[in-house]
Structures are given as C-alpha cells and as structure tokens.
Amino acid sequence: QVQLVESGGGLVQAGGSLRLSCAASERAIRTLTMGWLRQAPGKEREFVAAVTWNGVSTSYADSVKGRFIISRDNSENTVDLQMNKLKPEDTAVYYCAARQVLTSPPPSRASAYDTWGQGTQVTVSS
C-alpha cells in the first residue's frame with residue numbers, strides 16, 4: 001500500500017501563497033489517481049483537487065478553482081498543490097490522497113479516495 005507524507009503547510013496571511021508537497025513511498029504513484037483533501041475544525045473532510053494518473057485531467061472543488069493548482073511528477077513519486085490567493089476559509093488540515101481506480105476526470109468527492117497521509121496544517125490569517 002502506498003505511504004503518503006505531506007509537507008509545506010504553515011501560517012500565511014490572506015492573499016498569500018503556499019505550496020504543499022506529497023511524497024509517496026512503498027508504491028509508485030504512476031498507476032494511481034492522486035488528490036488533496038482537507039478538513040477544517042468541526043467539519044467533514046472535503047475534496048480539494050485531484051489529477052489523473054498521467055496528469056492530463058484535473059478536478060477542483062468550486063471553492064478553490066482559479067486559485068489552486070495540482071500537479072504530479074511520476075518520476076519523483078510526488079504530488080504538489082500550489083495554493084494562491086489564500087483565504088481564511090482555506091484554513092484546514094490538508095491531506096494527500098490516492099485512489100486505485102483510474103477514472104477520467106478524477107472524482108471530486110472525498111469518499112472516492114481510499115488512502116491518505118497524516119496531513120499538514122494550513123492556517124490563513126485575516
């Protein structure tokens with residue numbers, strides 16, 4: 001089973017940017033759909049973004065469209081999430097996630113992803 005480790009979280013002011021990275025081990029991600037989920041305090045885990053195994057197709061939550069960009073490097077076994085124009089409502093723990101079933105476009109619901117990492121905290125101050 002793939003192991004996922006997130007990094008890059010932190011505290012940033014509204015309007016700023018952060019780049020999250022996910023490093024995978026134990027399995028190559030080139031045969032996996034990869035995504036990012038997030039969970040804010042008191043809320044359910046929600047879908048943020050995803051990318052197909054070959055990087056051709058992406059999906060984004062409406063709340064992050066135009067601000068976040070997901071990318072992957074299968075040769076490095078990594079997935080990144082570039083987050084721009086951050087808002088206080090983006091504050092959450094962000095999880096890298098994987099899905100074994102390959103579909104295009106990638107599914108935009110959190111329940112579709114069956115493996116995730118420990119998460120990294122992102123805090124956006126107003």
# chains A, B, ... in the order shown; residues from 1 in each chain; ligands from 1

call {"tool": "residues_around", "arguments": {"residues": "A:Ala98", "least_positions_apart": "5", "cutoff": "9 Å", "atoms": "only C-alpha atoms", "output": "NGL selection string"}}
result
:A and (2 or 4 or 29 or 32-36 or 112-116)

call {"tool": "residues_around", "arguments": {"residues": "stretch 56-71 of chain A", "least_positions_apart": "3", "cutoff": "7 Å", "atoms": "only C-alpha atoms", "output": "PyMOL selection string"}}
result
chain A and resi 47-52+79-85+104-106+108

call {"tool": "select_by_dssp", "arguments": {"residues": "chain A", "states": "strand (DSSP E or B)", "output": "PyMOL selection string"}}
result
chain A and resi 3-7+10-13+18-25+33-39+46-51+58-60+68-73+78-83+92-99+115-116+120-125

call {"tool": "residues_around", "arguments": {"residues": "A:Glu76", "least_positions_apart": "4", "cutoff": "12 Å", "atoms": "only C-alpha atoms", "output": "MDAnalysis selection string"}}
result
chainID A and resid 21:25 27:30 71:72 80

call {"tool": "write_last_selection", "arguments": {"atoms": "all heavy atoms", "output": "PDB file, in the first residue's frame"}}
result
ATOM      1  N   SER A  21       3.511  19.738  -0.669  1.00  0.00           N
ATOM      2  CA  SER A  21       4.103  18.613  -1.395  1.00  0.00           C
ATOM      3  C   SER A  21       3.726  17.302  -0.727  1.00  0.00           C
ATOM      4  O   SER A  21       3.546  17.249   0.491  1.00  0.00           O
ATOM      5  CB  SER A  21       5.629  18.749  -1.441  1.00  0.00           C
ATOM      6  OG  SER A  21       6.017  19.847  -2.229  1.00  0.00           O
ATOM      7  N   CYS A  22       3.618  16.275  -1.534  1.00  0.00           N
ATOM      8  CA  CYS A  22       3.306  14.937  -1.038  1.00  0.00           C
ATOM      9  C   CYS A  22       4.327  13.974  -1.619  1.00  0.00           C
ATOM     10  O   CYS A  22       4.469  13.875  -2.836  1.00  0.00           O
ATOM     11  CB  CYS A  22       1.900  14.545  -1.464  1.00  0.00           C
ATOM     12  SG  CYS A  22       1.466  12.825  -1.129  1.00  0.00           S
ATOM     13  N   ALA A  23       5.022  13.282  -0.736  1.00  0.00           N
ATOM     14  CA  ALA A  23       5.989  12.277  -1.160  1.00  0.00           C
ATOM     15  C   ALA A  23       5.412  10.895  -0.902  1.00  0.00           C
ATOM     16  O   ALA A  23       4.953  10.600   0.202  1.00  0.00           O
ATOM     17  CB  ALA A  23       7.295  12.454  -0.395  1.00  0.00           C
ATOM     18  N   ALA A  24       5.443  10.057  -1.921  1.00  0.00           N
ATOM     19  CA  ALA A  24       4.891   8.711  -1.811  1.00  0.00           C
ATOM     20  C   ALA A  24       6.016   7.685  -1.726  1.00  0.00           C
ATOM     21  O   ALA A  24       7.076   7.857  -2.325  1.00  0.00           O
ATOM     22  CB  ALA A  24       4.001   8.405  -3.001  1.00  0.00           C
ATOM     23  N   SER A  25       5.748   6.627  -0.985  1.00  0.00           N
ATOM     24  CA  SER A  25       6.707   5.530  -0.889  1.00  0.00           C
ATOM     25  C   SER A  25       5.954   4.212  -0.838  1.00  0.00           C
ATOM     26  O   SER A  25       4.735   4.183  -0.732  1.00  0.00           O
ATOM     27  CB  SER A  25       7.583   5.691   0.354  1.00  0.00           C
ATOM     28  OG  SER A  25       6.801   5.654   1.519  1.00  0.00           O
ATOM     29  N   ARG A  27       5.121   2.351  -3.018  1.00  0.00           N
ATOM     30  CA  ARG A  27       4.467   2.030  -4.297  1.00  0.00           C
ATOM     31  C   ARG A  27       4.601   3.227  -5.210  1.00  0.00           C
ATOM     32  O   ARG A  27       4.481   4.373  -4.765  1.00  0.00           O
ATOM     33  CB  ARG A  27       2.993   1.686  -4.077  1.00  0.00           C
ATOM     34  CG  ARG A  27       2.231   1.446  -5.374  1.00  0.00           C
ATOM     35  CD  ARG A  27       0.798   1.036  -5.129  1.00  0.00           C
ATOM     36  NE  ARG A  27       0.061   0.961  -6.393  1.00  0.00           N
ATOM     37  CZ  ARG A  27      -1.180   0.522  -6.511  1.00  0.00           C
ATOM     38  NH1 ARG A  27      -1.836   0.111  -5.448  1.00  0.00           N
ATOM     39  NH2 ARG A  27      -1.782   0.498  -7.691  1.00  0.00           N
ATOM     40  N   ALA A  28       4.798   2.975  -6.491  1.00  0.00           N
ATOM     41  CA  ALA A  28       4.847   4.052  -7.477  1.00  0.00           C
ATOM     42  C   ALA A  28       3.452   4.623  -7.678  1.00  0.00           C
ATOM     43  O   ALA A  28       2.464   3.879  -7.720  1.00  0.00           O
ATOM     44  CB  ALA A  28       5.391   3.526  -8.800  1.00  0.00           C
ATOM     45  N   ILE A  29       3.375   5.944  -7.818  1.00  0.00           N
ATOM     46  CA  ILE A  29       2.065   6.568  -7.951  1.00  0.00           C
ATOM     47  C   ILE A  29       1.592   6.634  -9.395  1.00  0.00           C
ATOM     48  O   ILE A  29       0.483   7.098  -9.660  1.00  0.00           O
ATOM     49  CB  ILE A  29       2.067   8.004  -7.352  1.00  0.00           C
ATOM     50  CG1 ILE A  29       3.000   8.923  -8.152  1.00  0.00           C
ATOM     51  CG2 ILE A  29       2.429   7.968  -5.886  1.00  0.00           C
ATOM     52  CD1 ILE A  29       2.852  10.393  -7.786  1.00  0.00           C
ATOM     53  N   ARG A  30       2.405   6.162 -10.340  1.00  0.00           N
ATOM     54  CA  ARG A  30       2.035   6.325 -11.753  1.00  0.00           C
ATOM     55  C   ARG A  30       0.778   5.545 -12.129  1.00  0.00           C
ATOM     56  O   ARG A  30       0.183   5.809 -13.169  1.00  0.00           O
ATOM     57  CB  ARG A  30       3.190   5.898 -12.654  1.00  0.00           C
ATOM     58  CG  ARG A  30       3.597   4.451 -12.554  1.00  0.00           C
ATOM     59  CD  ARG A  30       4.731   4.134 -13.512  1.00  0.00           C
ATOM     60  NE  ARG A  30       5.156   2.751 -13.418  1.00  0.00           N
ATOM     61  CZ  ARG A  30       6.063   2.317 -12.567  1.00  0.00           C
ATOM     62  NH1 ARG A  30       6.649   3.175 -11.749  1.00  0.00           N
ATOM     63  NH2 ARG A  30       6.397   1.050 -12.535  1.00  0.00           N
ATOM     64  N   SER A  71      -0.426  19.316  -9.320  1.00  0.00           N
ATOM     65  CA  SER A  71       0.498  18.775 -10.316  1.00  0.00           C
ATOM     66  C   SER A  71       1.146  17.512  -9.749  1.00  0.00           C
ATOM     67  O   SER A  71       1.140  17.305  -8.531  1.00  0.00           O
ATOM     68  CB  SER A  71       1.570  19.804 -10.684  1.00  0.00           C
ATOM     69  OG  SER A  71       2.321  20.182  -9.550  1.00  0.00           O
ATOM     70  N   ARG A  72       1.703  16.716 -10.632  1.00  0.00           N
ATOM     71  CA  ARG A  72       2.350  15.486 -10.190  1.00  0.00           C
ATOM     72  C   ARG A  72       3.604  15.232 -10.998  1.00  0.00           C
ATOM     73  O   ARG A  72       3.705  15.662 -12.154  1.00  0.00           O
ATOM     74  CB  ARG A  72       1.398  14.287 -10.284  1.00  0.00           C
ATOM     75  CG  ARG A  72       0.976  13.940 -11.697  1.00  0.00           C
ATOM     76  CD  ARG A  72      -0.139  12.890 -11.680  1.00  0.00           C
ATOM     77  NE  ARG A  72       0.345  11.617 -11.140  1.00  0.00           N
ATOM     78  CZ  ARG A  72      -0.462  10.661 -10.674  1.00  0.00           C
ATOM     79  NH1 ARG A  72      -1.770  10.842 -10.666  1.00  0.00           N
ATOM     80  NH2 ARG A  72       0.037   9.532 -10.221  1.00  0.00           N
ATOM     81  N   ASP A  80       2.060  17.810  -5.897  1.00  0.00           N
ATOM     82  CA  ASP A  80       2.098  19.125  -5.282  1.00  0.00           C
ATOM     83  C   ASP A  80       0.746  19.827  -5.397  1.00  0.00           C
ATOM     84  O   ASP A  80      -0.052  19.526  -6.296  1.00  0.00           O
ATOM     85  CB  ASP A  80       3.153  20.002  -5.955  1.00  0.00           C
ATOM     86  CG  ASP A  80       4.563  19.558  -5.628  1.00  0.00           C
ATOM     87  OD1 ASP A  80       4.738  18.714  -4.718  1.00  0.00           O
ATOM     88  OD2 ASP A  80       5.498  20.035  -6.287  1.00  0.00           O
TER      89      ASP A  80
END

call {"tool": "residues_around", "arguments": {"residues": "A:Lys43", "least_positions_apart": "6", "cutoff": "12 Å", "atoms": "only C-alpha atoms", "output": "list in words"}}
result
Glu89, Thr91, Ala92 and Val93 of chain A

call {"tool": "atom_distance", "arguments": {"atom1": "atom CA of A:Arg99", "atom2": "atom CA of A:Ser17"}}
result
26.8 Å
